[in-house]
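K.L.:
Supplied in structure tokens, the structure appears directly below.
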Amino acid sequence: MSNIEDYALVGDLHTAALIGRDGSVDWLCLPRFDSPACFAALLGDAGNGRWRIAPASADTATRRRYTDDTLILEAEWDTPDGTVRVTDFMPPRGQAADIVRIVDGVTGRVPMHAELTLRFDYGSVVPWLRRTPHGLTAVAGPDAVWLHTDVPLHNHDLTTTAAFTVEAGERVTFVLTHQPSYLPPPHPADPEQALRDTRRYWHDWISRHRYDGPYADAVRRSLILLKALTYAPTGGIVAAATTSLPE
């Protein structure tokens with residue numbers, strides 16, 4: 001797994017995900033900051049749960065950044081076959097919690113690999129998986145998640161994988177949505193609309209910021225991070241996205 005300093009954060013003001021330079025979501029508690037994690041590779045290995053999307057022939061991203069003054073994360077890989085970009089974000093919370101991952105072909109034709117290992121309760125519970133017309137659903141007691149994608153999925157060794165190729169100008173989307181298992185299936189976020197909504201939310205929020213002194217960029221980024229660690233229903237700020245993990 002990655003070093004703690006190599007993780008980037010995306011969130012929706014109810015919870016947050018930590019994503020490594022290798023394109024792996026190694027920490028995510030759903031539906032709140034204080035919920036048990038369904039991706040907890042940060043504590044051990046891939047068997048504790050993770051969601052990785054990256055080129056089949058590459059390891060860590062060549063470059064990574066947040067777009068403008070937002071919490072939308074972009075990672076790019078330069079490979080011998082071409083360049084690919086993965087955009088990760090969590091749209092403002094609506095009916096349910098969503099994490100959206102968009103794969104864009106920048107140049108060439110790049111073979112990609114996706115690996116989804118869902119493990120609820122900090123890696124201790126393996127969910128029941130069921131195929132759906134546009135992905136799969138996973139249920140573990142009171143929790144359920146739906147993965148929506150047009151990429152063919154394969155299940156083996158308690159892990160879901162996908163192999164696909166993106167060409168320049170092509171876009172492939174993945175949406176993971178959480179909902180209590182006793183409620184009706186939620187409507188998944190539309191990736192394109194969710195991207196616009198997320199960008200608009202962060203731009204509107206930071207527009208009230210008026211500081212224009214030294215290190216203005218760092219100040220704005222710090223404010224966005226503090227906002228991301230704020231639990232919207234109460235206004236409380238968590239000490240860290242990893243809640244009470246030991247240092």
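Chains: A, B, ... in order of the structure tokens. Residues: from 1 per chain. Ligands: from 1, in order shown.
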If we count only C-alpha atoms and set the cut-off at 10 Å, which residues sit around A:Ala228, ignoring sequence neighbours fewer than 4 positions away in its own chain? Please answer as a PyMOL selection string.

P.N.:
chain A and resi 9-16+71+222-224+232+237-238+241

K.L.:
For the selection just defined, write its residues with N, CA, C and O atoms to a file, as a PDB file, in the first residue's frame.

P.N.:
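Output below, filename out-v3.pdb:
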```
ATOM      1  N   LEU A   9      -7.355  13.145  -1.018  1.00  0.00           N
ATOM      2  CA  LEU A   9      -8.669  13.024  -0.405  1.00  0.00           C
ATOM      3  C   LEU A   9      -9.740  13.575  -1.337  1.00  0.00           C
ATOM      4  O   LEU A   9      -9.575  14.639  -1.935  1.00  0.00           O
ATOM      5  N   VAL A  10     -10.841  12.836  -1.458  1.00  0.00           N
ATOM      6  CA  VAL A  10     -12.065  13.357  -2.062  1.00  0.00           C
ATOM      7  C   VAL A  10     -13.196  13.077  -1.078  1.00  0.00           C
ATOM      8  O   VAL A  10     -13.140  12.104  -0.319  1.00  0.00           O
ATOM      9  N   GLY A  11     -14.210  13.927  -1.070  1.00  0.00           N
ATOM     10  CA  GLY A  11     -15.282  13.746  -0.108  1.00  0.00           C
ATOM     11  C   GLY A  11     -16.528  14.509  -0.479  1.00  0.00           C
ATOM     12  O   GLY A  11     -16.542  15.312  -1.416  1.00  0.00           O
ATOM     13  N   ASP A  12     -17.604  14.264   0.291  1.00  0.00           N
ATOM     14  CA  ASP A  12     -18.898  14.901   0.019  1.00  0.00           C
ATOM     15  C   ASP A  12     -19.480  15.571   1.263  1.00  0.00           C
ATOM     16  O   ASP A  12     -20.689  15.802   1.345  1.00  0.00           O
ATOM     17  N   LEU A  13     -18.624  15.891   2.252  1.00  0.00           N
ATOM     18  CA  LEU A  13     -19.017  16.554   3.500  1.00  0.00           C
ATOM     19  C   LEU A  13     -19.825  15.644   4.417  1.00  0.00           C
ATOM     20  O   LEU A  13     -20.393  16.110   5.403  1.00  0.00           O
ATOM     21  N   HIS A  14     -19.848  14.351   4.113  1.00  0.00           N
ATOM     22  CA  HIS A  14     -20.423  13.347   5.002  1.00  0.00           C
ATOM     23  C   HIS A  14     -19.394  12.259   5.295  1.00  0.00           C
ATOM     24  O   HIS A  14     -19.411  11.650   6.354  1.00  0.00           O
ATOM     25  N   THR A  15     -18.520  12.016   4.309  1.00  0.00           N
ATOM     26  CA  THR A  15     -17.446  11.047   4.443  1.00  0.00           C
ATOM     27  C   THR A  15     -16.361  11.412   3.444  1.00  0.00           C
ATOM     28  O   THR A  15     -16.495  12.388   2.694  1.00  0.00           O
ATOM     29  N   ALA A  16     -15.273  10.651   3.433  1.00  0.00           N
ATOM     30  CA  ALA A  16     -14.164  10.951   2.527  1.00  0.00           C
ATOM     31  C   ALA A  16     -13.434   9.669   2.156  1.00  0.00           C
ATOM     32  O   ALA A  16     -13.388   8.712   2.931  1.00  0.00           O
ATOM     33  N   LEU A  71     -12.429  19.881  -5.141  1.00  0.00           N
ATOM     34  CA  LEU A  71     -11.971  18.620  -4.571  1.00  0.00           C
ATOM     35  C   LEU A  71     -12.104  17.507  -5.620  1.00  0.00           C
ATOM     36  O   LEU A  71     -12.356  16.353  -5.286  1.00  0.00           O
ATOM     37  N   SER A 222      -5.981  24.864   1.722  1.00  0.00           N
ATOM     38  CA  SER A 222      -6.180  24.477   3.124  1.00  0.00           C
ATOM     39  C   SER A 222      -7.637  24.646   3.528  1.00  0.00           C
ATOM     40  O   SER A 222      -8.200  23.809   4.247  1.00  0.00           O
ATOM     41  N   LEU A 223      -8.268  25.726   3.080  1.00  0.00           N
ATOM     42  CA  LEU A 223      -9.678  25.942   3.387  1.00  0.00           C
ATOM     43  C   LEU A 223     -10.556  24.858   2.777  1.00  0.00           C
ATOM     44  O   LEU A 223     -11.493  24.362   3.425  1.00  0.00           O
ATOM     45  N   ILE A 224     -10.247  24.471   1.546  1.00  0.00           N
ATOM     46  CA  ILE A 224     -11.031  23.419   0.894  1.00  0.00           C
ATOM     47  C   ILE A 224     -10.879  22.102   1.652  1.00  0.00           C
ATOM     48  O   ILE A 224     -11.856  21.363   1.854  1.00  0.00           O
ATOM     49  N   ALA A 232     -21.375  17.890   7.244  1.00  0.00           N
ATOM     50  CA  ALA A 232     -22.366  18.906   6.890  1.00  0.00           C
ATOM     51  C   ALA A 232     -23.584  18.955   7.817  1.00  0.00           C
ATOM     52  O   ALA A 232     -24.042  20.048   8.156  1.00  0.00           O
ATOM     53  N   ILE A 237     -16.055  19.232  12.716  1.00  0.00           N
ATOM     54  CA  ILE A 237     -14.888  18.931  11.887  1.00  0.00           C
ATOM     55  C   ILE A 237     -14.179  17.712  12.459  1.00  0.00           C
ATOM     56  O   ILE A 237     -13.847  17.683  13.653  1.00  0.00           O
ATOM     57  N   VAL A 238     -13.953  16.709  11.621  1.00  0.00           N
ATOM     58  CA  VAL A 238     -13.236  15.523  12.074  1.00  0.00           C
ATOM     59  C   VAL A 238     -11.743  15.839  12.126  1.00  0.00           C
ATOM     60  O   VAL A 238     -11.249  16.689  11.384  1.00  0.00           O
ATOM     61  N   ALA A 241      -9.409  12.293   8.058  1.00  0.00           N
ATOM     62  CA  ALA A 241     -10.295  11.435   7.259  1.00  0.00           C
ATOM     63  C   ALA A 241     -10.252   9.998   7.722  1.00  0.00           C
ATOM     64  O   ALA A 241     -11.192   9.229   7.501  1.00  0.00           O
TER      65      ALA A 241
END
```

K.L.:
Using DSSP on the backbone coordinates, identify all residues within stretch 118-150 of chain A classified as alpha helix (DSSP H); present the result as a PyMOL selection string.

P.N.:
chain A and resi 120-123

K.L.:
Quick check, in Å to one decimal: how far apart do atom CA of A:Pro214 and atom CA of A:Lys227 lie?

P.N.:
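So the answer is 20.9 Å.
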
K.L.:
Name the residues in contact with A:Ala162 at a cut-off of 9 Å, using only C-alpha atoms, excluding same-chain residues fewer than 2 positions from it; report them as number ranges by chain.

P.N.:
A: 112-116, 151-155, 160, 164

K.L.:
Record the distance separating atom CA of A:Ala163 and atom CA of A:Ala96, expressed in Å with one decimal.

P.N.:
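Distance between the two atoms: 27.8 Å.
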
K.L.:
With distances taken over only C-alpha atoms, which residue among A:Leu136, A:Ser57, A:Arg220, A:Ala239 lies nearest A:Ser207?

P.N.:
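Of A:Leu136, A:Ser57, A:Arg220, A:Ala239, the one nearest A:Ser207 is A:Arg220, counting only C-alpha atoms.
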
K.L.:
Under the rule that only C-alpha atoms are counted, which of A:Val84, A:Ala189, A:Ala168, A:Val100 is the nearest residue to A:Ala56?

P.N.:
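Closest to A:Ala56, using only C-alpha atoms: A:Val84.
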
K.L.:
How many Å lie between atom CA of A:Leu183 and atom CA of A:Pro31, rounded to one decimal?

P.N.:
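So the answer is 13.8 Å.
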
K.L.:
Need the shell around stretch 19-21 of chain A: protein/DNA/RNA residues with any atom at most 7 Å away, counting only C-alpha atoms. Skip same-chain ones fewer than 3 positions apart. Format as a list in words?

P.N.:
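My list of contacting residues is Ser2, Asp6, Tyr7, Ala8, Leu9, Ser24, Val25, Asp26, Thr60 and Ala61 of chain A.
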
K.L.:
Would you save the residues of that selection, restricted to all heavy atoms, as a short mmCIF file (atom, residue, chain, number, x, y, z; two decimals), in the first residue's frame?

P.N.:
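Saved the output as selection38.cif:
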```cif
data_model
loop_
_atom_site.label_atom_id
_atom_site.label_comp_id
_atom_site.auth_asym_id
_atom_site.auth_seq_id
_atom_site.Cartn_x
_atom_site.Cartn_y
_atom_site.Cartn_z
N SER A 2 0.27 2.40 -0.26
CA SER A 2 1.01 3.66 -0.36
C SER A 2 1.36 4.19 1.03
O SER A 2 0.77 3.83 2.04
CB SER A 2 0.16 4.70 -1.10
OG SER A 2 -0.19 4.26 -2.39
N ASP A 6 1.16 9.93 0.55
CA ASP A 6 0.90 9.81 -0.88
C ASP A 6 -0.58 9.70 -1.21
O ASP A 6 -0.94 9.54 -2.38
CB ASP A 6 1.62 8.58 -1.44
CG ASP A 6 3.13 8.76 -1.47
OD1 ASP A 6 3.57 9.92 -1.59
OD2 ASP A 6 3.86 7.76 -1.35
N TYR A 7 -1.44 9.79 -0.20
CA TYR A 7 -2.88 9.71 -0.44
C TYR A 7 -3.48 11.09 -0.66
O TYR A 7 -3.09 12.06 -0.03
CB TYR A 7 -3.59 9.04 0.73
CG TYR A 7 -3.39 7.55 0.78
CD1 TYR A 7 -2.47 6.97 1.66
CD2 TYR A 7 -4.09 6.70 -0.07
CE1 TYR A 7 -2.27 5.61 1.71
CE2 TYR A 7 -3.89 5.33 -0.03
CZ TYR A 7 -2.98 4.79 0.85
OH TYR A 7 -2.78 3.44 0.89
N ALA A 8 -4.41 11.16 -1.59
CA ALA A 8 -5.21 12.37 -1.82
C ALA A 8 -6.63 12.08 -1.33
O ALA A 8 -7.06 10.92 -1.25
CB ALA A 8 -5.22 12.74 -3.30
N LEU A 9 -7.35 13.14 -1.02
CA LEU A 9 -8.67 13.02 -0.41
C LEU A 9 -9.74 13.57 -1.34
O LEU A 9 -9.58 14.64 -1.94
CB LEU A 9 -8.68 13.77 0.93
CG LEU A 9 -9.97 13.80 1.75
CD1 LEU A 9 -9.64 13.83 3.24
CD2 LEU A 9 -10.84 15.02 1.39
N SER A 24 -5.63 3.61 -6.40
CA SER A 24 -6.41 2.73 -5.54
C SER A 24 -7.07 3.51 -4.40
O SER A 24 -6.41 4.25 -3.68
CB SER A 24 -5.51 1.64 -4.95
OG SER A 24 -6.24 0.79 -4.08
N VAL A 25 -8.39 3.31 -4.28
CA VAL A 25 -9.11 3.83 -3.11
C VAL A 25 -8.85 2.84 -1.97
O VAL A 25 -9.40 1.74 -1.95
CB VAL A 25 -10.62 3.95 -3.38
CG1 VAL A 25 -11.34 4.50 -2.16
CG2 VAL A 25 -10.88 4.83 -4.59
N ASP A 26 -8.02 3.24 -1.02
CA ASP A 26 -7.60 2.35 0.05
C ASP A 26 -8.30 2.63 1.37
O ASP A 26 -8.07 1.91 2.36
CB ASP A 26 -6.08 2.46 0.26
CG ASP A 26 -5.29 1.75 -0.83
OD1 ASP A 26 -5.91 1.01 -1.62
OD2 ASP A 26 -4.07 1.95 -0.89
N THR A 60 2.48 3.73 -10.45
CA THR A 60 2.05 5.02 -9.92
C THR A 60 1.81 6.03 -11.04
O THR A 60 2.40 5.96 -12.11
CB THR A 60 3.10 5.59 -8.95
OG1 THR A 60 4.35 5.73 -9.63
CG2 THR A 60 3.27 4.68 -7.75
N ALA A 61 0.93 6.99 -10.76
CA ALA A 61 0.58 8.01 -11.74
C ALA A 61 1.79 8.90 -12.03
O ALA A 61 2.62 9.17 -11.17
CB ALA A 61 -0.57 8.86 -11.22
#
```

K.L.:
Hey, which of A:Thr177, A:Thr62, A:Thr242, A:Thr132 ends up closest to A:Pro36? Count only C-alpha atoms.

P.N.:
A:Thr242

K.L.:
Skipping near chain neighbours, those fewer than 4 positions away, what residues fall within 12 Å of A:Thr67 using only C-alpha atoms, listed as a list of chain:residue names?

P.N.:
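That gives A:Val10, A:Leu71, A:Ile72, A:Leu73, A:Glu74, A:Ala75, A:Thr87, A:Asp88, A:Phe89, A:Leu195, A:Thr198, A:Arg199, A:Arg200, A:Trp202, A:His203, A:Arg221.
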
K.L.:
Write out as a VMD selection string the residues lying within 7 Å of A:Gly108, counting only C-alpha atoms and excluding same-chain residues fewer than 4 positions away.

P.N.:
chain A and resid 81 to 83 167 to 168

K.L.:
Point out the residue among A:Arg65, A:Gly23, A:Phe33, A:Pro91 with the least atom-to-atom distance to A:Asp197, counting only C-alpha atoms.

P.N.:
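So, comparing all the options, the nearest one is A:Pro91.
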
K.L.:
Name the residues in contact with A:Pro133 at a cut-off of 10 Å, using only C-alpha atoms, excluding same-chain residues fewer than 6 positions from it; report them as a ChimeraX atom specification.

P.N.:
/A:148-150

K.L.:
Grab the residues selected above and save them as a tab-separated table (two decimals), in the first residue's frame with C-alpha atoms.

P.N.:
```tsv
chain	number	residue	atom	x	y	z
A	148	HIS	CA	-22.80	1.12	-12.30
A	149	THR	CA	-20.59	0.84	-15.38
A	150	ASP	CA	-20.83	-0.31	-18.99
```

K.L.:
How would you write, as a ChimeraX atom specification, the set of residues in stretch 63-198 of chain A that DSSP gives as strand (DSSP E)?

P.N.:
/A:63-66,73-79,82-89,97-117,128-132,135-140,143-148,154-156,159-167,171-180

K.L.:
Could you check which of A:Arg63, A:Arg50, A:Arg171, A:Arg109 is closest to A:Glu192, using only C-alpha atoms?

P.N.:
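That would be A:Arg171, the residue with the smallest distance to A:Glu192.
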
K.L.:
For A:Thr159, which of A:Gly44, A:Ala218, A:Trp51, A:Pro233 is the closest residue, counting only C-alpha atoms?

P.N.:
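When distances to A:Thr159 are compared using only C-alpha atoms, the smallest one comes from A:Trp51.
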